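Asker: Next comes the structure file query_30.cif, holding mmCIF, C-alpha atoms.
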data_coords
#
loop_
_atom_site.label_atom_id
_atom_site.label_comp_id
_atom_site.auth_asym_id
_atom_site.auth_seq_id
_atom_site.Cartn_x
_atom_site.Cartn_y
_atom_site.Cartn_z
CA MET A 1 -73.53 147.03 189.06
CA GLU A 2 -73.58 150.78 188.41
CA VAL A 3 -74.83 151.69 184.94
CA GLN A 4 -72.75 154.33 183.20
CA LYS A 5 -74.65 157.47 182.31
CA GLY A 6 -75.23 157.89 178.59
CA ARG A 7 -74.39 160.93 176.53
CA LEU A 8 -77.39 161.26 174.20
CA LEU A 9 -80.79 159.68 173.62
CA VAL A 10 -82.42 160.01 170.19
CA VAL A 11 -86.19 159.46 170.21
CA TYR A 12 -87.59 158.22 166.91
CA HIS A 13 -90.50 156.15 165.61
CA GLU A 14 -91.07 155.15 161.98
CA ASP A 15 -94.73 156.15 162.33
CA PHE A 16 -93.61 159.78 162.53
CA ALA A 17 -92.55 159.55 158.88
CA ARG A 18 -95.48 157.32 157.88
CA HIS A 19 -98.34 159.21 159.52
CA GLY A 20 -96.96 162.63 160.44
CA PHE A 21 -98.30 165.90 159.12
CA THR A 22 -97.86 166.03 155.36
CA ILE A 23 -95.61 169.11 155.16
CA LEU A 24 -93.37 167.96 158.01
CA ARG A 25 -93.03 164.22 157.59
CA ASP A 26 -90.94 163.85 154.42
CA ARG A 27 -87.84 165.20 156.18
CA LEU A 28 -87.93 162.73 159.08
CA ALA A 29 -86.68 159.41 157.69
CA PRO A 30 -83.93 161.09 155.62
CA ALA A 31 -82.71 162.99 158.68
CA PHE A 32 -82.78 159.93 160.94
CA TYR A 33 -81.01 157.67 158.46
CA GLU A 34 -78.45 160.40 157.88
CA LEU A 35 -77.60 160.11 161.58
CA LYS A 36 -77.14 156.37 161.09
CA SER A 37 -75.04 156.74 157.96
CA LYS A 38 -72.76 159.25 159.68
CA GLY A 39 -72.24 156.80 162.55
CA TYR A 40 -73.52 159.21 165.20
CA LEU A 41 -75.95 156.64 166.62
CA GLU A 42 -73.13 154.12 167.07
CA ARG A 43 -71.00 156.42 169.18
CA PRO A 44 -70.36 155.43 172.81
CA GLY A 45 -73.08 156.67 175.12
CA VAL A 46 -75.66 157.16 172.36
CA ARG A 47 -78.85 155.15 172.13
CA VAL A 48 -82.17 155.28 170.30
CA LEU A 49 -85.58 154.97 171.95
CA GLU A 50 -88.79 154.02 170.15
CA PRO A 51 -91.55 155.80 172.07
CA VAL A 52 -95.10 154.85 172.94
CA PRO A 53 -98.09 157.22 172.90
CA VAL A 54 -98.82 159.37 175.93
CA GLU A 55 -101.94 158.43 177.89
CA GLU A 56 -104.86 160.75 177.17
CA LYS A 57 -105.22 161.62 180.85
CA TRP A 58 -102.04 163.72 180.57
CA VAL A 59 -103.34 165.48 177.46
CA ARG A 60 -106.52 166.40 179.34
CA LYS A 61 -104.49 168.13 182.05
CA VAL A 62 -103.19 170.58 179.42
CA HIS A 63 -105.85 170.84 176.69
CA ALA A 64 -109.57 171.55 176.80
CA ALA A 65 -112.02 168.79 175.88
CA ASP A 66 -113.15 170.61 172.70
CA HIS A 67 -109.54 170.98 171.62
CA ILE A 68 -108.94 167.25 171.99
CA GLU A 69 -112.09 166.42 170.02
CA GLY A 70 -110.95 168.77 167.27
CA VAL A 71 -107.56 167.06 167.05
CA LYS A 72 -109.26 163.67 166.89
CA HIS A 73 -111.23 164.85 163.88
CA SER A 74 -108.07 166.19 162.20
CA GLY A 75 -106.70 162.72 161.54
CA TYR A 76 -103.46 163.46 163.39
CA TYR A 77 -104.45 162.58 166.93
CA GLU A 78 -102.61 159.26 167.10
CA VAL A 79 -99.32 160.60 165.75
CA ALA A 80 -99.65 163.63 168.04
CA LEU A 81 -100.06 161.29 171.03
CA LEU A 82 -96.99 159.37 169.87
CA SER A 83 -95.02 162.59 169.44
CA ALA A 84 -95.94 163.86 172.91
CA GLY A 85 -95.15 160.45 174.36
CA GLY A 86 -91.71 160.60 172.81
CA VAL A 87 -91.01 164.01 174.33
CA ILE A 88 -92.13 162.81 177.75
CA GLN A 89 -90.03 159.64 177.56
CA GLY A 90 -86.97 161.45 176.29
CA ALA A 91 -87.23 164.17 178.92
CA GLU A 92 -87.79 161.57 181.64
CA GLU A 93 -84.56 159.78 180.72
CA VAL A 94 -82.74 163.09 181.07
CA VAL A 95 -84.42 163.93 184.39
CA LEU A 96 -83.51 160.49 185.75
CA ASP A 97 -79.88 161.23 184.82
CA ARG A 98 -79.66 158.28 182.46
CA VAL A 99 -78.44 160.55 179.66
CA ASP A 100 -77.07 164.07 179.47
CA SER A 101 -79.47 165.18 176.74
CA CYS A 102 -82.05 163.95 174.26
CA PHE A 103 -83.17 164.82 170.75
CA CYS A 104 -86.83 164.05 170.09
CA PHE A 105 -88.14 163.58 166.57
CA VAL A 106 -91.89 164.18 166.23
CA GLY A 107 -94.57 163.51 163.64
CA ALA A 108 -96.60 166.60 164.53
CA ALA A 109 -95.23 169.74 166.09
CA GLY A 110 -96.54 171.35 169.27
CA HIS A 111 -95.71 174.98 169.93
CA HIS A 112 -98.81 176.48 168.24
CA ALA A 113 -101.16 174.22 170.23
CA SER A 114 -102.73 176.31 173.00
CA ARG A 115 -105.04 175.17 175.76
CA ASP A 116 -108.10 175.31 173.50
CA GLY A 117 -106.88 175.76 169.94
CA PHE A 118 -104.38 174.55 167.36
CA TRP A 119 -102.93 175.63 164.03
CA GLY A 120 -99.68 175.67 162.06
CA PHE A 121 -99.10 171.88 161.89
CA CYS A 122 -99.33 171.67 165.71
CA TYR A 123 -101.97 169.56 167.45
CA LEU A 124 -100.93 168.75 171.02
CA ASN A 125 -98.40 170.85 172.90
CA ASP A 126 -95.77 168.19 173.52
CA VAL A 127 -93.54 170.34 175.74
CA ALA A 128 -96.42 171.58 177.90
CA ILE A 129 -97.68 168.02 178.37
CA ALA A 130 -94.16 166.90 179.31
CA VAL A 131 -93.88 169.73 181.85
CA GLU A 132 -97.17 168.69 183.45
CA TYR A 133 -96.06 165.04 183.54
CA LEU A 134 -92.65 165.82 185.06
CA LYS A 135 -94.23 168.04 187.71
CA LYS A 136 -96.67 165.36 188.81
CA GLN A 137 -94.53 162.25 188.37
CA HIS A 138 -91.08 163.54 189.35
CA GLY A 139 -91.74 166.64 191.43
CA LEU A 140 -89.95 169.08 189.13
CA LYS A 141 -90.83 172.72 189.65
CA LYS A 142 -88.60 174.81 187.36
CA PHE A 143 -88.27 174.63 183.58
CA ALA A 144 -86.66 176.76 180.90
CA ILE A 145 -87.62 176.82 177.22
CA ILE A 146 -85.73 178.32 174.29
CA ASP A 147 -87.80 178.27 171.10
CA ILE A 148 -85.84 179.06 167.90
CA ASP A 149 -88.61 178.24 165.42
CA PRO A 150 -89.19 181.45 163.42
CA HIS A 151 -92.95 181.37 164.02
CA TYR A 152 -94.17 182.68 167.35
CA GLY A 153 -94.71 179.95 169.97
CA ASP A 154 -98.14 181.22 170.93
CA GLY A 155 -99.47 177.90 172.18
CA THR A 156 -96.58 177.37 174.58
CA ARG A 157 -96.94 180.95 175.82
CA ASP A 158 -100.68 180.50 176.33
CA ILE A 159 -100.23 177.39 178.48
CA LEU A 160 -96.92 177.95 180.26
CA GLY A 161 -96.41 181.71 180.06
CA PRO A 162 -98.27 182.53 183.30
CA ASP A 163 -96.37 179.84 185.25
CA PRO A 164 -93.71 181.48 187.46
CA GLY A 165 -91.77 178.22 187.40
CA VAL A 166 -91.24 178.43 183.63
CA MET A 167 -88.96 180.73 181.65
CA HIS A 168 -90.01 180.96 178.00
CA VAL A 169 -87.52 182.59 175.62
CA ASN A 170 -89.14 182.88 172.23
CA PHE A 171 -87.36 183.72 168.98
CA CYS A 172 -89.51 184.81 166.06
CA SER A 173 -89.39 186.93 162.95
CA GLY A 174 -90.56 190.48 163.54
CA TYR A 175 -93.76 190.17 161.53
CA SER A 176 -94.94 187.07 163.42
CA ARG A 177 -94.53 188.37 166.94
CA GLY A 178 -97.70 188.04 168.93
CA GLY A 179 -99.31 186.30 171.88
CA SER A 180 -99.46 187.06 175.56
CA SER A 181 -96.52 188.46 177.51
CA GLN A 182 -98.23 187.59 180.80
CA GLY A 183 -95.82 186.13 183.33
CA LEU A 184 -92.60 187.17 184.96
CA ASN A 185 -90.22 185.04 182.92
CA ASN A 186 -91.27 185.54 179.33
CA HIS A 187 -88.83 187.00 176.80
CA ASP A 188 -89.53 187.62 173.11
CA PHE A 189 -86.72 188.18 170.61
CA ALA A 190 -88.34 189.49 167.41
CA LEU A 191 -85.53 189.55 164.84
CA PRO A 192 -85.53 190.90 161.28
CA TYR A 193 -86.80 188.42 158.72
CA ASN A 194 -83.38 188.40 157.03
CA ALA A 195 -81.30 187.83 160.18
CA GLY A 196 -78.28 185.66 159.45
CA ASP A 197 -76.10 183.36 161.52
CA GLN A 198 -74.10 185.95 163.43
CA GLU A 199 -77.01 188.22 164.31
CA PHE A 200 -79.09 185.25 165.43
CA LEU A 201 -76.23 183.79 167.48
CA SER A 202 -75.69 187.11 169.26
CA TRP A 203 -79.27 186.84 170.51
CA VAL A 204 -78.77 183.18 171.34
CA ASP A 205 -75.99 184.31 173.70
CA ARG A 206 -78.47 186.66 175.41
CA ALA A 207 -81.01 183.85 175.70
CA ILE A 208 -78.38 181.57 177.23
CA GLU A 209 -77.51 184.17 179.86
CA LEU A 210 -81.17 184.66 180.74
CA VAL A 211 -81.69 180.93 181.15
CA TYR A 212 -78.42 180.52 183.05
CA GLY A 213 -79.67 183.07 185.57
CA PHE A 214 -82.96 181.21 186.05
CA PRO A 215 -82.56 178.19 188.35
CA HIS A 216 -84.20 175.42 186.32
CA GLU A 217 -84.21 171.64 186.47
CA LEU A 218 -84.64 170.97 182.75
CA LEU A 219 -84.08 173.00 179.59
CA PHE A 220 -86.23 172.39 176.52
CA ILE A 221 -85.02 173.54 173.11
CA ILE A 222 -87.88 173.83 170.63
CA PHE A 223 -85.90 173.23 167.47
CA GLY A 224 -87.41 174.36 164.18
CA HIS A 225 -85.13 174.31 161.16
CA ASP A 226 -87.66 176.29 159.11
CA ASN A 227 -85.40 179.20 160.09
CA HIS A 228 -82.91 178.05 157.40
CA ARG A 229 -82.70 180.22 154.29
CA ASP A 230 -83.87 177.28 152.12
CA ASP A 231 -86.83 176.27 154.25
CA TYR A 232 -90.30 177.81 154.49
CA GLY A 233 -89.87 180.15 157.46
CA SER A 234 -88.07 183.43 157.90
CA PHE A 235 -84.37 184.16 158.62
CA GLU A 236 -81.31 183.52 156.50
CA LEU A 237 -79.55 180.88 158.58
CA THR A 238 -77.04 178.53 156.97
CA GLU A 239 -76.06 174.96 157.77
CA GLU A 240 -73.16 176.23 159.89
CA PHE A 241 -75.56 177.79 162.38
CA TYR A 242 -76.94 174.56 163.86
CA PRO A 243 -73.80 172.88 165.24
CA GLU A 244 -72.60 176.26 166.51
CA PHE A 245 -75.92 176.77 168.29
CA ALA A 246 -75.62 173.31 169.87
CA ARG A 247 -72.03 174.00 170.94
CA ARG A 248 -73.03 177.22 172.70
CA ILE A 249 -75.93 175.54 174.48
CA ARG A 250 -73.78 172.57 175.51
CA ALA A 251 -70.95 174.78 176.76
CA LYS A 252 -73.28 176.42 179.28
CA PHE A 253 -75.65 173.48 179.85
CA PRO A 254 -73.72 170.20 179.45
CA SER A 255 -76.65 168.16 180.76
CA ARG A 256 -80.39 168.31 181.54
CA VAL A 257 -81.30 169.45 178.02
CA CYS A 258 -84.12 168.11 175.82
CA TYR A 259 -84.30 169.12 172.14
CA VAL A 260 -87.77 168.81 170.57
CA LEU A 261 -88.14 168.99 166.80
CA SER A 262 -90.54 171.62 165.51
CA GLY A 263 -91.01 173.19 162.06
CA GLY A 264 -89.21 172.52 158.79
CA SER A 265 -89.89 170.56 155.62
CA ASN A 266 -86.77 170.48 153.44
CA PRO A 267 -85.11 167.03 153.75
CA ARG A 268 -81.67 168.38 152.82
CA VAL A 269 -81.92 171.10 155.47
CA ALA A 270 -83.22 168.59 158.01
CA LYS A 271 -80.27 166.28 157.43
CA ALA A 272 -77.79 169.11 157.89
CA ALA A 273 -79.53 170.85 160.81
CA ILE A 274 -80.44 167.78 162.87
CA GLY A 275 -77.18 166.11 161.93
CA GLY A 276 -75.20 169.15 163.05
CA VAL A 277 -76.89 169.18 166.45
CA VAL A 278 -76.62 165.43 167.02
CA GLU A 279 -72.97 165.44 165.96
CA VAL A 280 -72.25 167.95 168.73
CA LEU A 281 -74.40 166.28 171.38
CA SER A 282 -72.94 162.84 170.67
CA SER A 283 -69.31 163.98 170.78
CA PRO A 284 -67.14 163.37 173.88
#
Using structure tokens, write down the structure from this file.
Answerer:
Amino acid sequence: MEVQKGRLLVVYHEDFARHGFTILRDRLAPAFYELKSKGYLERPGVRVLEPVPVEEKWVRKVHAADHIEGVKHSGYYEVALLSAGGVIQGAEEVVLDRVDSCFCFVGAAGHHASRDGFWGFCYLNDVAIAVEYLKKQHGLKKFAIIDIDPHYGDGTRDILGPDPGVMHVNFCSGYSRGGSSQGLNNHDFALPYNAGDQEFLSWVDRAIELVYGFPHELLFIIFGHDNHRDDYGSFELTEEFYPEFARRIRAKFPSRVCYVLSGGSNPRVAKAAIGGVVEVLSSP
């Protein structure tokens, strides 16, 4: 019997909230249970996946041995493995056309983790590991990434920036712009620290057009809600921004999209931002 394709997969593990990085973890359970209380997870075509850790052999294809040893000594290695495993498993479900899109919670973020260094609450580069896995296991060759976290995604640029099969569109506040521009498909949007919804969305439209013109097999959205005016990053975004962002992405890319949670600490903002995105992605 043919199995009907699902609409949305939400990837979540309670260990993210138990053992995640201290600044990031307190938002996770409130945001997830907000999705349950709103009924989004009970909508037709929506399911939840509890991930398992990624095997270390995949981490070693992306990160140097000294980097891995450093993460092990940080105390966050296990939750970082679990976070990367969740991104891989969510993205794989999308690639196998079992769902249109996925939203991956994490216990430790990834976009500041470079090949041989880590900082900023990021330990293993979950998206880069997922790209490597999908290349080797499923033969994918082309990926696009839109990173809306206000802090520059230097780790992702370090690992994936030189790859001609990857387009990396990186939003950041003007003061935090940095990193390598090496590679044909790298685009940096350094916005004023006080950019609001409309200014940010105008640049989102430009990012969407860039990605639409790049023939890719999977789009990653690195989703940091620390860009909200009441969170710890820059920008003056409001709660209305997040569902509108998701609507614009979905209008152009109705499938083959994987959202990966990044920065943010405010539980109220997390509930509104993640809830706004999941409400859109779970709607008919």
Asker: Could you list the residues chosen by the PyMOL selection byres ((chain A and resi 256-264) around 7) in this structure as a list in words?
Answerer: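 With the PyMOL selection byres ((chain A and resi 256-264) around 7) on this model, the match is Leu24, Val87, Ala91, Val94, Val95, Asp100, Ser101, Cys102, Phe103, Cys104, Phe105, Val106, Ala109, Asp149, Leu218, Leu219, Phe220, Ile221, Ile222, Phe223, Gly224, His225, Asp226, Asp231, Tyr232, Ser255, Ser265 and Asn266 of chain A.
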Asker: Would you pick out the contacts of A:Leu210 at 9 Å or less, using all atoms listed in the file, so that residues sharing its chain but fewer than 5 positions from it are not included, and give the list as a PyMOL selection string?
Answerer: chain A and resi 167+169+187+205
Asker: Around (-79.9, 167.3, 163.9) in the file's own coordinates, what residues are found within 12 Å if you use all atoms listed in the file, given back as a ChimeraX atom specification?
Answerer: /A:10-11,27-28,30-36,38,40-41,102-105,223-225,239-246,259-262,264,267-282
Asker: Those residues you just picked out, can you put them in a file as a short mmCIF file (atom, residue, chain, number, x, y, z; two decimals), keeping the file's coordinate frame with C-alpha atoms?
Answerer:
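Dumped everything to result.cif:
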data_model
loop_
_atom_site.label_atom_id
_atom_site.label_comp_id
_atom_site.auth_asym_id
_atom_site.auth_seq_id
_atom_site.Cartn_x
_atom_site.Cartn_y
_atom_site.Cartn_z
CA VAL A 10 -82.42 160.01 170.19
CA VAL A 11 -86.19 159.46 170.21
CA ARG A 27 -87.84 165.20 156.18
CA LEU A 28 -87.93 162.73 159.08
CA PRO A 30 -83.93 161.09 155.62
CA ALA A 31 -82.71 162.99 158.68
CA PHE A 32 -82.78 159.93 160.94
CA TYR A 33 -81.01 157.67 158.46
CA GLU A 34 -78.45 160.40 157.88
CA LEU A 35 -77.60 160.11 161.58
CA LYS A 36 -77.14 156.37 161.09
CA LYS A 38 -72.76 159.25 159.68
CA TYR A 40 -73.52 159.21 165.20
CA LEU A 41 -75.95 156.64 166.62
CA CYS A 102 -82.05 163.95 174.26
CA PHE A 103 -83.17 164.82 170.75
CA CYS A 104 -86.83 164.05 170.09
CA PHE A 105 -88.14 163.58 166.57
CA PHE A 223 -85.90 173.23 167.47
CA GLY A 224 -87.41 174.36 164.18
CA HIS A 225 -85.13 174.31 161.16
CA GLU A 239 -76.06 174.96 157.77
CA GLU A 240 -73.16 176.23 159.89
CA PHE A 241 -75.56 177.79 162.38
CA TYR A 242 -76.94 174.56 163.86
CA PRO A 243 -73.80 172.88 165.24
CA GLU A 244 -72.60 176.26 166.51
CA PHE A 245 -75.92 176.77 168.29
CA ALA A 246 -75.62 173.31 169.87
CA TYR A 259 -84.30 169.12 172.14
CA VAL A 260 -87.77 168.81 170.57
CA LEU A 261 -88.14 168.99 166.80
CA SER A 262 -90.54 171.62 165.51
CA GLY A 264 -89.21 172.52 158.79
CA PRO A 267 -85.11 167.03 153.75
CA ARG A 268 -81.67 168.38 152.82
CA VAL A 269 -81.92 171.10 155.47
CA ALA A 270 -83.22 168.59 158.01
CA LYS A 271 -80.27 166.28 157.43
CA ALA A 272 -77.79 169.11 157.89
CA ALA A 273 -79.53 170.85 160.81
CA ILE A 274 -80.44 167.78 162.87
CA GLY A 275 -77.18 166.11 161.93
CA GLY A 276 -75.20 169.15 163.05
CA VAL A 277 -76.89 169.18 166.45
CA VAL A 278 -76.62 165.43 167.02
CA GLU A 279 -72.97 165.44 165.96
CA VAL A 280 -72.25 167.95 168.73
CA LEU A 281 -74.40 166.28 171.38
CA SER A 282 -72.94 162.84 170.67
#
Asker: Starting from the displayed file, determine the output of the PyMOL selection byres ((chain A and resi 83) around 8) and express the residue list as a PyMOL selection string.
Answerer: chain A and resi 16+53+79-82+84-87+105-109+126
Asker: Output the residue selection produced by the PyMOL selection byres ((chain A and resi 122) around 7) on the file above, formatted as an MDAnalysis selection string.
Answerer: chainID A and resid 108:113 118:121 123:124
Asker: Skipping near chain neighbours, those fewer than 4 positions away, what residues fall within 7 Å of A:Ser114 using only C-alpha atoms, listed as a ChimeraX atom specification?
Answerer: /A:118,125,155-156,158-159
Asker: What gap, in Å, lies between atom CA of A:Val166 and atom CA of A:Phe143?
Answerer: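 One can read the atom CA of A:Val166 to atom CA of A:Phe143 distance as 4.8 Å.
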Asker: Taking a cut-off of 9 Å and counting only C-alpha atoms, can you build a table that, for each residue of stretch 179-247 of chain A near stretch 133-142 of chain A, reports the nearest atom pair and how far apart they are in Å (one decimal), sorted by chain then residue number, as CSV?
Answerer:
residue,atom,partner,partner_atom,distance
A:Phe214,CA,A:Lys142,CA,8.6
A:Pro215,CA,A:Lys142,CA,7.0
A:His216,CA,A:Lys142,CA,4.6
A:Glu217,CA,A:Lys142,CA,5.5
A:Leu218,CA,A:Lys142,CA,7.2
Asker: Which of these, A:Ile145, A:Val48, A:Val71, A:Ala130, has the shortest distance to A:Asp116 once you count all atoms listed in the file?
Answerer: A:Val71
Asker: Could you write out as JSON the box around stretch 270-280 of chain A (axis-aligned, all atoms listed in the file, 3 Å on each side), with centre and edge lengths in Å to one decimal?
Answerer:
{"center_x": -77.7, "center_y": 168.1, "center_z": 163.1, "size_x": 17.0, "size_y": 11.4, "size_z": 17.3}
Asker: Closest to A:Asp188 among A:Ala128, A:Ala65, A:Ala207, A:Leu49, using only C-alpha atoms?
Answerer: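 Using only C-alpha atoms, A:Asp188 sits closest to A:Ala207.
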Asker: Of the candidates A:Leu237, A:Ile68, A:Ala144, A:Leu191, which shows the shortest atom-to-atom distance to A:Val127, using all atoms listed in the file?
Answerer: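 Ranked by minimum distance to A:Val127, first place goes to A:Ala144.
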Asker: If you measure from atom CA of A:Phe171 to atom CA of A:His151, what distance in Å do you get, rounded to one decimal?
Answerer: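 For atom CA of A:Phe171 relative to atom CA of A:His151, the distance reads 7.8 Å.
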Asker: In Å, rounded to a single decimal, give me how far atom CA of A:His67 is from atom CA of A:Leu160.
Answerer: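 Computing it gives 16.8 Å between the two atoms.
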Asker: Of the candidates A:Gly161, A:Thr22, A:Leu8, A:Arg248, which one gets nearest to A:Gly90 if we count all atoms listed in the file?
Answerer: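 The answer is A:Leu8, which sits nearest to A:Gly90.
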Asker: Which residue gives the smallest distance to A:Val46 among A:Arg250, A:Arg157, A:Arg206, A:Arg7, with all atoms listed in the file counted?
Answerer: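 Checking each of A:Arg250, A:Arg157, A:Arg206, A:Arg7 against A:Val46, counting all atoms listed in the file, the winner is A:Arg7.
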Asker: Is it possible to add N, CA and C atoms to stretch 151-172 of chain A and hand it back as a compact mmCIF listing (two decimals), keeping the file's coordinate frame?
Answerer:
# COMPACT_ATOMS: atom_id res chain seq x y z
N HIS A 151 -91.55 181.01 163.81
CA HIS A 151 -92.95 181.37 164.02
C HIS A 151 -93.25 181.42 165.52
N TYR A 152 -93.97 182.42 165.93
CA TYR A 152 -94.17 182.68 167.35
C TYR A 152 -94.80 181.49 168.08
N GLY A 153 -94.21 181.09 169.19
CA GLY A 153 -94.71 179.95 169.97
C GLY A 153 -95.88 180.32 170.84
N ASP A 154 -96.99 180.68 170.20
CA ASP A 154 -98.14 181.22 170.93
C ASP A 154 -98.82 180.18 171.81
N GLY A 155 -98.83 178.93 171.37
CA GLY A 155 -99.47 177.90 172.18
C GLY A 155 -98.72 177.64 173.47
N THR A 156 -97.40 177.57 173.38
CA THR A 156 -96.58 177.37 174.58
C THR A 156 -96.74 178.56 175.53
N ARG A 157 -96.76 179.77 174.98
CA ARG A 157 -96.94 180.95 175.82
C ARG A 157 -98.30 180.95 176.51
N ASP A 158 -99.33 180.54 175.77
CA ASP A 158 -100.68 180.50 176.33
C ASP A 158 -100.74 179.57 177.54
N ILE A 159 -100.12 178.39 177.43
CA ILE A 159 -100.23 177.39 178.48
C ILE A 159 -99.24 177.63 179.60
N LEU A 160 -97.99 177.90 179.26
CA LEU A 160 -96.92 177.95 180.26
C LEU A 160 -96.48 179.36 180.62
N GLY A 161 -96.85 180.34 179.81
CA GLY A 161 -96.41 181.71 180.06
C GLY A 161 -96.74 182.25 181.45
N PRO A 162 -97.94 182.00 181.98
CA PRO A 162 -98.27 182.53 183.30
C PRO A 162 -97.61 181.78 184.46
N ASP A 163 -96.95 180.66 184.19
CA ASP A 163 -96.37 179.84 185.25
C ASP A 163 -95.05 180.45 185.72
N PRO A 164 -94.95 180.88 186.98
CA PRO A 164 -93.71 181.48 187.46
C PRO A 164 -92.55 180.51 187.51
N GLY A 165 -92.82 179.21 187.39
CA GLY A 165 -91.77 178.22 187.40
C GLY A 165 -91.23 177.92 186.02
N VAL A 166 -91.68 178.66 185.00
CA VAL A 166 -91.24 178.43 183.63
C VAL A 166 -90.68 179.72 183.06
N MET A 167 -89.49 179.64 182.46
CA MET A 167 -88.96 180.73 181.65
C MET A 167 -89.11 180.35 180.19
N HIS A 168 -89.77 181.21 179.42
CA HIS A 168 -90.01 180.96 178.00
C HIS A 168 -89.32 182.05 177.19
N VAL A 169 -88.25 181.68 176.49
CA VAL A 169 -87.52 182.59 175.62
C VAL A 169 -87.88 182.24 174.19
N ASN A 170 -88.53 183.18 173.51
CA ASN A 170 -89.14 182.88 172.23
C ASN A 170 -88.51 183.73 171.12
N PHE A 171 -87.84 183.06 170.17
CA PHE A 171 -87.36 183.72 168.98
C PHE A 171 -88.46 183.72 167.93
N CYS A 172 -88.55 184.78 167.16
CA CYS A 172 -89.51 184.81 166.06
C CYS A 172 -89.11 185.91 165.09
